[in-house]
Amino acid sequence: MVCGALAGGSVFAPNGLGEQLTGGGARVQGLGGGGIALADSLSFNSQNPALAAFAPRTIFRVGGELGIWSTNAAGRTETDTEMLWKDFALYLPVTRTWRVGLGAAPTRHMDLRTFALRSATFIEPAGASVVAYEERNVWQGGAVDWRVDNAFRFGERWALGVSAVYTTLRNERERTLDMEQVVARSYYFDTKYSEAERFSGWSVVGGLYVTPAQKWGLAVTFRPRTSGRWTYTMTKLGSDSTVKTNRRGDMPGEVRLGASYRLAKRLVAVADMQLGQWSQGDMGIMADRDSLGAPENPLFISVGMERRAGYPPLYSGLQNWAFRGGAYYRHHYWPLHNGQAVEDLGLTAGFSVPMNGLQTWLHTAFEGGLRGLDEDKLGARELFFRTSLQMEFSETWFQRTRPRLPR
């Protein structure tokens, strides 16, 4: 749905389950969204559970994001900001080769307010009557993955990870049809109603990391379809009219492929690709009622490069910082608009600062992009900027050590 005027987050988000967020941490965002094949102790990409096997000690991470959206549609420009939390996770060493992680992270987000002038035709005894009205919508919601990760390390060259993921989603829409704002006819009453849909279900994510050669890292992750249940409730405000629906359903899975290559001692490059397959039933009950078009199969491609942090006492000052940059292309799952897919082009950057030796890190990321490459067909074009902050504490909590007797 693209309205004549809008404000808030992405205007395309209500066409599906929301905007798919970049996960894995602020370092991942600075690399363009990739890094599932980058195994080190700085800040691994949590979307590949196998990488947790290389964590040297207990890791606790928490982060958030600030976004700015500027949308052009129907000759108007609206700018707004939004804030959301990103990551909350704890990884614990159980044995020398086994790591366990507990975490939660938002995967989809929707926060939008739209308004537009429309018209309706009423059939009366005296003939048809065309009435103009204003339609206002408030969209809010999102999805969260609650994860339990297990990672196993087999030597220095490969690791395997398995995650049990419980997904919860809640999207809400409040719609107002304001008749009296434009025409003063008392028998055309305003209409206001609210809708809410929920989904919950389980899936299992598998990840593999291998080092086939000294400078190379390769990885693959697979997430099958999440099986669960959809529920929907529609309530007309000011009356007892309520509609409830529930059905079994799924959310789509995905496959990620990644590679990393060490160009120099402290310089590494990464490349990632994500593929998915969507069906009409994956869009939720609200999409069923709105009769949206068939969803697209998404494709995300990202590349990035990083100068890794140095380690004291060989390095000091800015030499201990890590710097990175990246770029990406995204073909979203949202249905076509006038034959045109919703696509993104973006650039990213970021850096990591040691706060307490090498035990605590502050990771930052900056992302700027363009959504809607063909504004004439899509009806809107968006410029967006995001910045993320993440604190990562790496300590020896809960880690058993073997005491040594003095000689």
# chains A, B, ... in the order shown; residues from 1 in each chain; ligands from 1
>>> residues_around(residues="Leu267 in chain A", least_positions_apart="3", cutoff="6 Å", atoms="only C-alpha atoms", output="list of chain:residue names")
A:Arg262, A:Leu263, A:Ala264, A:Glu306, A:Arg307
>>> write_last_selection(atoms="C-alpha atoms", output="PDB file, in the first residue's frame")
ATOM      1  CA  ARG A 262      42.529 -12.907   4.408  1.00  0.00           C
ATOM      2  CA  LEU A 263      44.191 -10.409   2.070  1.00  0.00           C
ATOM      3  CA  ALA A 264      46.923  -9.501   4.529  1.00  0.00           C
ATOM      4  CA  GLU A 306      37.772  -5.072   7.469  1.00  0.00           C
ATOM      5  CA  ARG A 307      41.076  -4.021   8.938  1.00  0.00           C
TER       6      ARG A 307
END
>>> residues_around(residues="range 149-166 of chain A", least_positions_apart="6", cutoff="9 Å", atoms="only C-alpha atoms", output="PyMOL selection string")
chain A and resi 48-54+91+96-103+200-213+217+226
>>> closest_residue(among="A:Glu172, A:Glu392, A:Glu343, A:Asp272", to="Glu375 in chain A", atoms="only C-alpha atoms")
A:Glu343
>>> atom_distance(atom1="CA of Ser41 in chain A", atom2="CA of Met355 in chain A")
15.2 Å
>>> atom_distance(atom1="CA of Gly75 in chain A", atom2="CA of Ser291 in chain A")
27.0 Å
>>> select_by_dssp(residues="range 24-157 of chain A", states="strand (DSSP E)", output="ChimeraX atom specification")
/A:58-73,76-93,98-124,127-154
>>> closest_residue(among="A:Leu90, A:Met234, A:Leu169, A:Leu117", to="Arg147 in chain A", atoms="only C-alpha atoms")
A:Leu90
